[in-house]
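Just final27.cif here, mmCIF, C-alpha atoms:
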data_protein
#
loop_
_atom_site.group_PDB
_atom_site.id
_atom_site.type_symbol
_atom_site.label_atom_id
_atom_site.label_comp_id
_atom_site.auth_asym_id
_atom_site.auth_seq_id
_atom_site.Cartn_x
_atom_site.Cartn_y
_atom_site.Cartn_z
ATOM 1 C CA ASP A 1 -16.680 -14.597 4.760
ATOM 2 C CA LYS A 2 -17.533 -18.302 4.533
ATOM 3 C CA ASN A 3 -15.180 -19.310 1.759
ATOM 4 C CA ILE A 4 -13.460 -22.105 3.720
ATOM 5 C CA ILE A 5 -15.436 -25.256 4.575
ATOM 6 C CA VAL A 6 -14.251 -28.117 6.789
ATOM 7 C CA SER A 7 -16.085 -31.421 6.409
ATOM 8 C CA GLU A 8 -15.767 -34.916 7.874
ATOM 9 C CA ALA A 9 -16.022 -38.428 6.489
ATOM 10 C CA GLN A 10 -16.252 -41.596 8.592
ATOM 11 C CA THR A 11 -14.066 -44.543 7.591
ATOM 12 C CA ASP A 12 -13.385 -47.979 9.051
ATOM 13 C CA GLU A 13 -10.167 -46.601 10.542
ATOM 14 C CA GLY A 14 -11.608 -43.372 11.955
ATOM 15 C CA VAL A 15 -12.331 -39.951 10.474
ATOM 16 C CA ILE A 16 -10.949 -37.977 7.546
ATOM 17 C CA LEU A 17 -11.181 -34.181 7.719
ATOM 18 C CA TYR A 18 -11.372 -32.330 4.416
ATOM 19 C CA ILE A 19 -10.962 -28.632 3.758
ATOM 20 C CA GLU A 20 -12.389 -26.773 0.764
ATOM 21 C CA ASN A 21 -11.723 -23.298 -0.576
ATOM 22 C CA ILE A 22 -14.630 -22.143 -2.739
ATOM 23 C CA TRP A 23 -13.169 -18.718 -3.525
ATOM 24 C CA VAL A 24 -10.975 -17.229 -6.283
ATOM 25 C CA CYS A 25 -7.812 -16.780 -4.228
ATOM 26 C CA PRO A 26 -5.723 -18.934 -1.888
ATOM 27 C CA TYR A 27 -6.446 -18.925 1.830
ATOM 28 C CA THR A 28 -4.062 -19.570 4.695
ATOM 29 C CA VAL A 29 -5.676 -21.733 7.375
ATOM 30 C CA GLU A 30 -4.518 -22.215 10.970
ATOM 31 C CA PHE A 31 -6.127 -25.334 12.422
ATOM 32 C CA ASP A 32 -6.016 -26.845 15.901
ATOM 33 C CA ALA A 33 -7.892 -29.617 17.709
ATOM 34 C CA GLU A 34 -8.432 -31.196 21.119
ATOM 35 C CA LEU A 35 -8.112 -34.972 20.807
ATOM 36 C CA THR A 36 -9.192 -37.602 23.314
ATOM 37 C CA ASN A 37 -7.764 -41.054 22.651
ATOM 38 C CA VAL A 38 -7.247 -40.110 19.011
ATOM 39 C CA ARG A 39 -4.072 -40.044 16.930
ATOM 40 C CA ALA A 40 -3.745 -37.440 14.156
ATOM 41 C CA ASP A 41 -1.524 -38.018 11.144
ATOM 42 C CA GLN A 42 -0.523 -34.322 11.182
ATOM 43 C CA THR A 43 1.266 -32.309 13.849
ATOM 44 C CA LEU A 44 -1.007 -29.839 15.605
ATOM 45 C CA PRO A 45 -1.450 -26.921 15.419
ATOM 46 C CA LEU A 46 -1.443 -27.099 11.626
ATOM 47 C CA ARG A 47 -0.877 -24.326 9.111
ATOM 48 C CA VAL A 48 -1.881 -24.991 5.524
ATOM 49 C CA VAL A 49 -2.481 -23.012 2.335
ATOM 50 C CA VAL A 50 -5.564 -24.049 0.369
ATOM 51 C CA PRO A 51 -5.410 -22.970 -3.287
ATOM 52 C CA ALA A 52 -8.371 -21.287 -4.958
ATOM 53 C CA GLY A 53 -11.228 -23.624 -5.839
ATOM 54 C CA THR A 54 -9.615 -26.626 -4.166
ATOM 55 C CA ARG A 55 -10.867 -29.400 -1.881
ATOM 56 C CA MET A 56 -8.123 -31.364 -0.146
ATOM 57 C CA GLU A 57 -7.566 -33.791 2.679
ATOM 58 C CA LEU A 58 -6.592 -31.971 5.844
ATOM 59 C CA MET A 59 -5.846 -34.835 8.216
ATOM 60 C CA ARG A 60 -6.834 -38.317 9.348
ATOM 61 C CA LEU A 61 -7.919 -39.138 12.894
ATOM 62 C CA GLU A 62 -7.506 -42.677 14.184
ATOM 63 C CA PRO A 63 -9.156 -43.613 17.518
ATOM 64 C CA LYS A 64 -7.332 -45.808 19.980
ATOM 65 C CA PRO A 65 -8.973 -49.258 20.169
ATOM 66 C CA ASN A 66 -11.238 -50.137 23.080
ATOM 67 C CA ALA A 67 -11.348 -46.589 24.451
ATOM 68 C CA ARG A 68 -13.839 -43.735 24.585
ATOM 69 C CA TRP A 69 -12.670 -41.175 22.093
ATOM 70 C CA GLY A 70 -13.609 -37.795 20.702
ATOM 71 C CA TYR A 71 -12.311 -34.596 19.138
ATOM 72 C CA ARG A 72 -13.077 -30.893 18.865
ATOM 73 C CA TYR A 73 -11.462 -28.523 16.408
ATOM 74 C CA ASN A 74 -11.257 -24.834 15.616
ATOM 75 C CA TYR A 75 -9.667 -22.909 12.787
ATOM 76 C CA ASN A 76 -9.002 -19.411 11.484
ATOM 77 C CA TYR A 77 -8.476 -18.485 7.860
ATOM 78 C CA TYR A 78 -7.545 -15.412 5.900
ATOM 79 C CA MET A 79 -7.000 -14.347 2.295
ATOM 80 C CA GLY A 80 -3.579 -14.865 0.817
ATOM 81 C CA ASP A 81 -0.722 -17.347 0.793
ATOM 82 C CA ALA A 82 1.436 -16.902 3.896
ATOM 83 C CA VAL A 83 3.833 -19.614 2.740
ATOM 84 C CA ASN A 84 4.634 -18.950 -0.906
ATOM 85 C CA ALA A 85 3.777 -15.313 -1.683
ATOM 86 C CA ARG A 86 6.843 -13.174 -2.440
ATOM 87 C CA HIS A 87 6.471 -9.620 -3.670
ATOM 88 C CA GLU A 88 8.339 -8.965 -6.919
ATOM 89 C CA GLU A 89 10.444 -6.069 -5.671
ATOM 90 C CA ASP A 90 11.459 -4.728 -9.092
ATOM 91 C CA PHE A 91 7.930 -4.694 -10.536
ATOM 92 C CA VAL A 92 6.991 -1.205 -11.734
ATOM 93 C CA TYR A 93 3.449 -0.094 -10.872
ATOM 94 C CA GLN A 94 1.323 2.418 -12.712
ATOM 95 C CA LEU A 95 0.060 5.348 -10.682
ATOM 96 C CA PRO A 96 -3.514 4.458 -9.594
ATOM 97 C CA TYR A 97 -5.272 7.136 -11.632
ATOM 98 C CA GLU A 98 -5.581 8.412 -15.193
ATOM 99 C CA LYS A 99 -2.406 9.014 -17.163
ATOM 100 C CA GLY A 100 -1.572 12.705 -17.260
ATOM 101 C CA ALA A 101 -3.278 13.461 -13.939
ATOM 102 C CA ALA A 102 -1.299 14.561 -10.889
ATOM 103 C CA PHE A 103 -2.175 14.397 -7.192
ATOM 104 C CA VAL A 104 -0.359 15.242 -3.986
ATOM 105 C CA VAL A 105 0.680 12.438 -1.647
ATOM 106 C CA GLY A 106 -0.913 13.629 1.582
ATOM 107 C CA GLN A 107 0.478 10.829 3.732
ATOM 108 C CA GLY A 108 3.321 8.491 2.851
ATOM 109 C CA TYR A 109 5.058 5.500 4.371
ATOM 110 C CA ASN A 110 4.940 5.402 8.190
ATOM 111 C CA GLY A 111 2.786 8.535 8.318
ATOM 112 C CA ASP A 112 1.793 9.900 11.720
ATOM 113 C CA PHE A 113 -1.968 9.973 11.108
ATOM 114 C CA SER A 114 -2.853 6.393 10.190
ATOM 115 C CA HIS A 115 0.217 4.823 8.541
ATOM 116 C CA ARG A 116 2.372 4.128 11.569
ATOM 117 C CA GLY A 117 4.453 1.072 10.771
ATOM 118 C CA GLU A 118 2.796 0.779 7.346
ATOM 119 C CA LYS A 119 4.105 1.301 3.829
ATOM 120 C CA ALA A 120 1.031 2.982 2.388
ATOM 121 C CA LEU A 121 0.266 6.049 0.273
ATOM 122 C CA ASP A 122 -2.645 8.493 0.425
ATOM 123 C CA PHE A 123 -3.286 10.389 -2.807
ATOM 124 C CA VAL A 124 -5.319 13.533 -2.118
ATOM 125 C CA MET A 125 -8.040 13.728 -4.771
ATOM 126 C CA PRO A 126 -11.628 14.998 -5.085
ATOM 127 C CA VAL A 127 -14.531 12.608 -4.544
ATOM 128 C CA GLY A 128 -15.398 10.939 -7.833
ATOM 129 C CA THR A 129 -11.876 10.873 -9.298
ATOM 130 C CA PRO A 130 -11.410 7.797 -11.550
ATOM 131 C CA VAL A 131 -9.201 5.131 -9.951
ATOM 132 C CA HIS A 132 -7.227 2.738 -12.152
ATOM 133 C CA ALA A 133 -5.490 -0.533 -11.332
ATOM 134 C CA ALA A 134 -1.821 0.036 -10.564
ATOM 135 C CA ARG A 135 -1.152 -3.600 -11.422
ATOM 136 C CA GLY A 136 -3.245 -6.352 -12.972
ATOM 137 C CA GLY A 137 -4.701 -9.238 -11.047
ATOM 138 C CA VAL A 138 -7.846 -10.871 -9.695
ATOM 139 C CA VAL A 139 -10.398 -8.916 -7.664
ATOM 140 C CA ILE A 140 -10.784 -10.899 -4.437
ATOM 141 C CA LYS A 141 -12.773 -8.582 -2.152
ATOM 142 C CA VAL A 142 -15.060 -5.592 -2.700
ATOM 143 C CA ARG A 143 -17.023 -3.361 -0.390
ATOM 144 C CA SER A 144 -18.863 -0.337 -1.739
ATOM 145 C CA ASP A 145 -22.051 -0.010 0.352
ATOM 146 C CA SER A 146 -20.811 2.475 2.948
ATOM 147 C CA ASN A 147 -21.681 6.153 2.929
ATOM 148 C CA ARG A 148 -19.972 7.015 6.227
ATOM 149 C CA GLY A 149 -16.585 8.539 6.910
ATOM 150 C CA CYS A 150 -14.925 10.648 9.592
ATOM 151 C CA SER A 151 -11.472 11.683 10.846
ATOM 152 C CA SER A 152 -11.781 9.440 13.919
ATOM 153 C CA GLU A 153 -10.551 5.848 14.152
ATOM 154 C CA SER A 154 -14.154 4.981 15.077
ATOM 155 C CA CYS A 155 -14.861 5.025 11.312
ATOM 156 C CA ARG A 156 -12.083 2.542 10.497
ATOM 157 C CA ASP A 157 -14.521 -0.233 9.549
ATOM 158 C CA ASP A 158 -16.762 2.015 7.431
ATOM 159 C CA GLY A 159 -14.501 2.440 4.421
ATOM 160 C CA ASN A 160 -15.267 1.121 0.953
ATOM 161 C CA PHE A 161 -12.338 -0.843 -0.444
ATOM 162 C CA LEU A 162 -11.085 -3.178 -3.136
ATOM 163 C CA LEU A 163 -8.468 -5.954 -2.907
ATOM 164 C CA ILE A 164 -6.613 -7.239 -5.976
ATOM 165 C CA LEU A 165 -4.434 -10.366 -5.881
ATOM 166 C CA HIS A 166 -1.306 -10.117 -8.043
ATOM 167 C CA GLU A 167 0.506 -12.914 -9.862
ATOM 168 C CA ASP A 168 3.300 -13.014 -7.255
ATOM 169 C CA GLY A 169 0.820 -13.505 -4.400
ATOM 170 C CA SER A 170 0.930 -9.936 -3.109
ATOM 171 C CA ILE A 171 -2.327 -8.044 -2.600
ATOM 172 C CA ALA A 172 -3.156 -4.411 -3.357
ATOM 173 C CA ASN A 173 -5.597 -2.545 -1.132
ATOM 174 C CA TYR A 174 -7.385 0.473 -2.620
ATOM 175 C CA ALA A 175 -9.550 2.228 -0.026
ATOM 176 C CA HIS A 176 -12.032 5.054 0.700
ATOM 177 C CA PHE A 177 -14.060 4.702 -2.510
ATOM 178 C CA LYS A 178 -17.269 6.687 -2.695
ATOM 179 C CA PHE A 179 -20.642 5.047 -2.029
ATOM 180 C CA LEU A 180 -21.290 2.456 -4.769
ATOM 181 C CA GLY A 181 -18.114 3.716 -6.411
ATOM 182 C CA ILE A 182 -16.489 0.411 -7.441
ATOM 183 C CA VAL A 183 -17.095 -0.758 -11.010
ATOM 184 C CA VAL A 184 -15.453 -4.214 -10.956
ATOM 185 C CA LYS A 185 -16.694 -7.396 -9.302
ATOM 186 C CA GLU A 186 -15.210 -10.089 -7.114
ATOM 187 C CA GLY A 187 -13.623 -12.778 -9.259
ATOM 188 C CA GLU A 188 -13.017 -10.414 -12.180
ATOM 189 C CA VAL A 189 -9.565 -10.306 -13.780
ATOM 190 C CA VAL A 190 -8.412 -6.717 -14.295
ATOM 191 C CA ALA A 191 -5.530 -5.354 -16.355
ATOM 192 C CA GLN A 192 -3.002 -2.754 -15.307
ATOM 193 C CA GLY A 193 -4.479 0.671 -16.010
ATOM 194 C CA GLN A 194 -8.107 -0.521 -16.068
ATOM 195 C CA LEU A 195 -10.757 1.664 -14.445
ATOM 196 C CA ILE A 196 -11.800 0.051 -11.157
ATOM 197 C CA GLY A 197 -13.832 2.755 -9.430
ATOM 198 C CA TYR A 198 -14.153 6.311 -8.161
ATOM 199 C CA SER A 199 -12.440 7.792 -5.139
ATOM 200 C CA GLY A 200 -14.311 8.978 -2.077
ATOM 201 C CA ASN A 201 -14.051 9.862 1.583
ATOM 202 C CA THR A 202 -15.487 6.837 3.403
ATOM 203 C CA GLY A 203 -14.026 5.196 6.485
ATOM 204 C CA TRP A 204 -11.258 6.645 8.667
ATOM 205 C CA SER A 205 -10.388 9.673 6.565
ATOM 206 C CA SER A 206 -9.559 13.302 7.258
ATOM 207 C CA GLY A 207 -10.482 14.321 3.712
ATOM 208 C CA PRO A 208 -11.162 12.937 0.236
ATOM 209 C CA HIS A 209 -8.320 10.710 -0.923
ATOM 210 C CA LEU A 210 -7.305 7.302 -2.262
ATOM 211 C CA HIS A 211 -5.405 4.959 0.036
ATOM 212 C CA PHE A 212 -3.050 2.559 -1.793
ATOM 213 C CA GLN A 213 -1.020 -0.219 -0.240
ATOM 214 C CA VAL A 214 0.531 -3.511 -1.330
ATOM 215 C CA TYR A 215 1.072 -6.251 1.217
ATOM 216 C CA VAL A 216 1.927 -9.914 1.585
ATOM 217 C CA THR A 217 -0.149 -12.057 3.936
ATOM 218 C CA GLY A 218 1.687 -13.381 6.989
ATOM 219 C CA PHE A 219 0.648 -15.940 9.570
ATOM 220 C CA SER A 220 -1.978 -14.969 12.171
ATOM 221 C CA ASN A 221 -3.520 -12.652 9.565
ATOM 222 C CA LYS A 222 -0.607 -10.240 9.677
ATOM 223 C CA ARG A 223 -0.301 -7.905 6.706
ATOM 224 C CA ILE A 224 3.321 -7.242 5.760
ATOM 225 C CA SER A 225 3.298 -4.068 3.681
ATOM 226 C CA VAL A 226 5.908 -3.617 0.960
ATOM 227 C CA ALA A 227 7.425 -0.693 -0.922
ATOM 228 C CA THR A 228 6.348 -0.232 -4.540
ATOM 229 C CA TYR A 229 8.059 1.454 -7.482
ATOM 230 C CA PHE A 230 6.004 3.574 -9.884
ATOM 231 C CA ARG A 231 6.411 4.773 -13.438
ATOM 232 C CA THR A 232 6.007 8.546 -13.414
ATOM 233 C CA ALA A 233 6.375 11.424 -15.870
ATOM 234 C CA SER A 234 9.940 11.949 -14.707
ATOM 235 C CA SER A 235 11.127 8.391 -14.058
ATOM 236 C CA GLU A 236 10.628 4.841 -15.328
ATOM 237 C CA SER A 237 10.869 3.536 -11.765
ATOM 238 C CA MET A 238 10.756 5.511 -8.529
ATOM 239 C CA LEU A 239 9.619 5.345 -4.922
ATOM 240 C CA LEU A 240 7.173 8.069 -3.944
#
What do you get writing this file as C-alpha cells?
Amino acid sequence: DKNIIVSEAQTDEGVILYIENIWVCPYTVEFDAELTNVRADQTLPLRVVVPAGTRMELMRLEPKPNARWGYRYNYNYYMGDAVNARHEEDFVYQLPYEKGAAFVVGQGYNGDFSHRGEKALDFVMPVGTPVHAARGGVVIKVRSDSNRGCSSESCRDDGNFLLILHEDGSIANYAHFKFLGIVVKEGEVVAQGQLIGYSGNTGWSSGPHLHFQVYVTGFSNKRISVATYFRTASSESMLL
C-alpha cells in the first residue's frame, strides 16, 4: 500500500522531513538515513507510530557550515501500533458466525499444518457460510478478488482476507473468504455480530474453512498472536 508519505521542506537552517498517514489506522514506521555532514535532531534508526489521518514532523536535518552535505533515507511501514497496542485479555469475543450455528475447529493454536507458533483457529465450514464480526472495530484491509486456493504453501498469497482494528489496538484477521465474498469496505466501522462476508476456500487451504486470528503488531512487522475468549452456548467465556 502507499498510505505513508514522506515529504521534505527546505528551511534557512536545513531540511524538515514530514511523515503523513492517509489511512484509517495507525502505522508503525521504521526510518533510517545516511547523512553526510548533516546533523539530525533524532537518533537514527528511528521508530515512530503515525496515527490515522495524521501529518507530523519526523525530523530536522541541519547541514554543517562550509561543507558539502547530503542525505539518503529509507523506511518501512506496517499497519498497527507497535508501541501502544495492548490486547484486552479478558474481552469476550462472539463466535465468528451466526448465533445458533456450530462448526468444528479443524486446526487450533500451534497446529501442525499451518499454525506452527501461531494462536489461530480454523473453523471448518462450507463455502458460502455467513461470517460475522467476532468483535467490533474498523475495517483496515480487504482482499476479495482471488479465486485460487490449494493445500500447498504456494497458494499462501492467494487468500481473500479481512482485517479489523479493535479499540485496544489489536487486529483480527479473517481469511479464506470466497471470491468477491466480503460485504464490508475498508474504512467502515463494524459492530460485533455484523455480517462481514461469506467463507470460502481461497489461499493456502486444505478444505473450505474460516481462519480466525487476533494479533498485536510488533516491530519489524512481526505479528504477535494472542489467545481469545469466546461466548459459547455452554460458557460465558472460554478458550476453544
Can you build me a table of range 20-60 of chain A residues sitting at most 9 Å from range 122-144 of chain A, with the closest atom pair per residue and its distance in Å to one decimal, using all atoms listed in the file, sorted by chain and residue number, as JSON lines?
{"residue": "A:Trp23", "atom": "CA", "partner": "A:Ile140", "partner_atom": "CA", "distance": 8.2}
{"residue": "A:Val24", "atom": "CA", "partner": "A:Ile140", "partner_atom": "CA", "distance": 6.6}
{"residue": "A:Cys25", "atom": "CA", "partner": "A:Ile140", "partner_atom": "CA", "distance": 6.6}
Write out as a tab-separated table the residues of range 61-128 of chain A that have any atom within 12 Å of an atom of range 213-226 of chain A, one row each with the nearest atom pair and its distance in Å to one decimal, counting only C-alpha atoms, sorted by chain and then rising number.
residue	atom	partner	partner_atom	distance
A:Tyr75	CA	A:Ser220	CA	11.1
A:Asn76	CA	A:Ser220	CA	8.3
A:Tyr77	CA	A:Asn221	CA	7.8
A:Tyr78	CA	A:Asn221	CA	6.1
A:Met79	CA	A:Thr217	CA	7.4
A:Gly80	CA	A:Thr217	CA	5.4
A:Asp81	CA	A:Thr217	CA	6.2
A:Ala82	CA	A:Gly218	CA	4.7
A:Val83	CA	A:Gly218	CA	7.8
A:Asn84	CA	A:Thr217	CA	9.7
A:Ala85	CA	A:Val216	CA	6.6
A:Arg86	CA	A:Val216	CA	7.1
A:His87	CA	A:Val216	CA	7.0
A:Glu88	CA	A:Val226	CA	9.8
A:Glu89	CA	A:Val226	CA	8.4
A:Asp90	CA	A:Val226	CA	11.5
A:Phe91	CA	A:Val226	CA	11.7
A:Tyr93	CA	A:Val214	CA	10.5
A:Leu95	CA	A:Gln213	CA	11.9
A:Pro96	CA	A:Gln213	CA	10.8
A:Gln107	CA	A:Gln213	CA	11.8
A:Gly108	CA	A:Gln213	CA	10.2
A:Tyr109	CA	A:Gln213	CA	9.5
A:Asn110	CA	A:Ser225	CA	10.6
A:His115	CA	A:Gln213	CA	10.2
A:Arg116	CA	A:Ser225	CA	11.4
A:Gly117	CA	A:Ser225	CA	8.8
A:Glu118	CA	A:Ser225	CA	6.1
A:Lys119	CA	A:Ser225	CA	5.4
A:Ala120	CA	A:Gln213	CA	4.6
A:Leu121	CA	A:Gln213	CA	6.4
A:Asp122	CA	A:Gln213	CA	8.9
A:Phe123	CA	A:Gln213	CA	11.1
- Which of these residues is nearest to Tyr174 in chain A, using all atoms listed in the file: A:Gly207, A:Gly70, A:Pro63, A:Gly197? A:Gly197
- Task: Find the spatial neighbours of Lys99 in chain A, counting all atoms listed in the file, within a cut-off of 10 Å - ignore same-chain residues fewer than 6 positions away - and output them as a ChimeraX atom specification.
- Result: /A:132,193,232-233
- Name the residues in contact with range 8-16 of chain A at a cut-off of 7 Å, using only C-alpha atoms, excluding same-chain residues fewer than 4 positions from it; report them as a list in words.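 So, after excluding close chain neighbours, the residues are Met59, Arg60, Leu61, Glu62 and Pro63 of chain A.
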Dump of C-alpha atoms for the selected residues, as a short mmCIF file (atom, residue, chain, number, x, y, z; two decimals), in the frame of the given file:
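The resulting file, again.cif, is shown below:
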data_model
loop_
_atom_site.label_atom_id
_atom_site.label_comp_id
_atom_site.auth_asym_id
_atom_site.auth_seq_id
_atom_site.Cartn_x
_atom_site.Cartn_y
_atom_site.Cartn_z
CA MET A 59 -5.85 -34.84 8.22
CA ARG A 60 -6.83 -38.32 9.35
CA LEU A 61 -7.92 -39.14 12.89
CA GLU A 62 -7.51 -42.68 14.18
CA PRO A 63 -9.16 -43.61 17.52
#
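Compared by their closest atoms to Glu57 in chain A, and using only C-alpha atoms, the residues A:Phe161, A:Tyr73, A:Tyr18, A:Tyr97 rank with A:Tyr18 nearest.
Taking only C-alpha atoms into account, Glu153 in chain A lies nearest to A:Thr202 out of the set A:Gln192, A:Thr202, A:Asn37, A:Asn173.
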- Quick one: apply the PyMOL selection byres ((chain A and resi 159) around 9) to the file and drop the selected residues here as an MDAnalysis selection string. chainID A and resid 143:149 155:158 160:161 175:178 201:205
- Query: Suppose you want the space between CA of Gly187 in chain A and CA of Leu165 in chain A; what is it in Å?
  - Reply: 10.1 Å
Which residues come within 9 Å of Met238 in chain A, counting all atoms listed in the file, excluding same-chain residues fewer than 6 positions away, as a PDB file with C-alpha atoms, keeping the file's coordinate frame?
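Writing the result to out.pdb gives the following:
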ATOM      1  CA  VAL A  92       6.991  -1.205 -11.734  1.00  0.00           C
ATOM      2  CA  THR A 228       6.348  -0.232  -4.540  1.00  0.00           C
ATOM      3  CA  TYR A 229       8.059   1.454  -7.482  1.00  0.00           C
ATOM      4  CA  PHE A 230       6.004   3.574  -9.884  1.00  0.00           C
ATOM      5  CA  ARG A 231       6.411   4.773 -13.438  1.00  0.00           C
ATOM      6  CA  THR A 232       6.007   8.546 -13.414  1.00  0.00           C
TER       7      THR A 232
END
- Query: Got a sec: who's within 8 Å of range 50-53 of chain A, counting only C-alpha atoms, leaving out chain neighbours fewer than 5 positions off, as a PyMOL selection string?
  - Reply: chain A and resi 19-29
Convert the current residue selection to file output with C-alpha atoms, as a CSV table (one decimal), keeping the file's coordinate frame.
chain,number,residue,atom,x,y,z
A,19,ILE,CA,-11.0,-28.6,3.8
A,20,GLU,CA,-12.4,-26.8,0.8
A,21,ASN,CA,-11.7,-23.3,-0.6
A,22,ILE,CA,-14.6,-22.1,-2.7
A,23,TRP,CA,-13.2,-18.7,-3.5
A,24,VAL,CA,-11.0,-17.2,-6.3
A,25,CYS,CA,-7.8,-16.8,-4.2
A,26,PRO,CA,-5.7,-18.9,-1.9
A,27,TYR,CA,-6.4,-18.9,1.8
A,28,THR,CA,-4.1,-19.6,4.7
A,29,VAL,CA,-5.7,-21.7,7.4
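Against the coordinates shown, the PyMOL selection byres ((chain A and resi 36) around 8) returns A:Glu34, A:Leu35, A:Asn37, A:Val38, A:Arg68, A:Trp69, A:Gly70, A:Tyr71.
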- Minimum-distance residue to Ser237 in chain A, chosen among A:Ser170, A:Gln94, A:Ser151, A:Gln194 (using all atoms listed in the file): A:Gln94
- Task: May I ask for the distance between CA of Val190 in chain A and CA of Ile164 in chain A, given in Å to one decimal place?
- Result: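 Here the two named atoms are 8.5 Å from each other.
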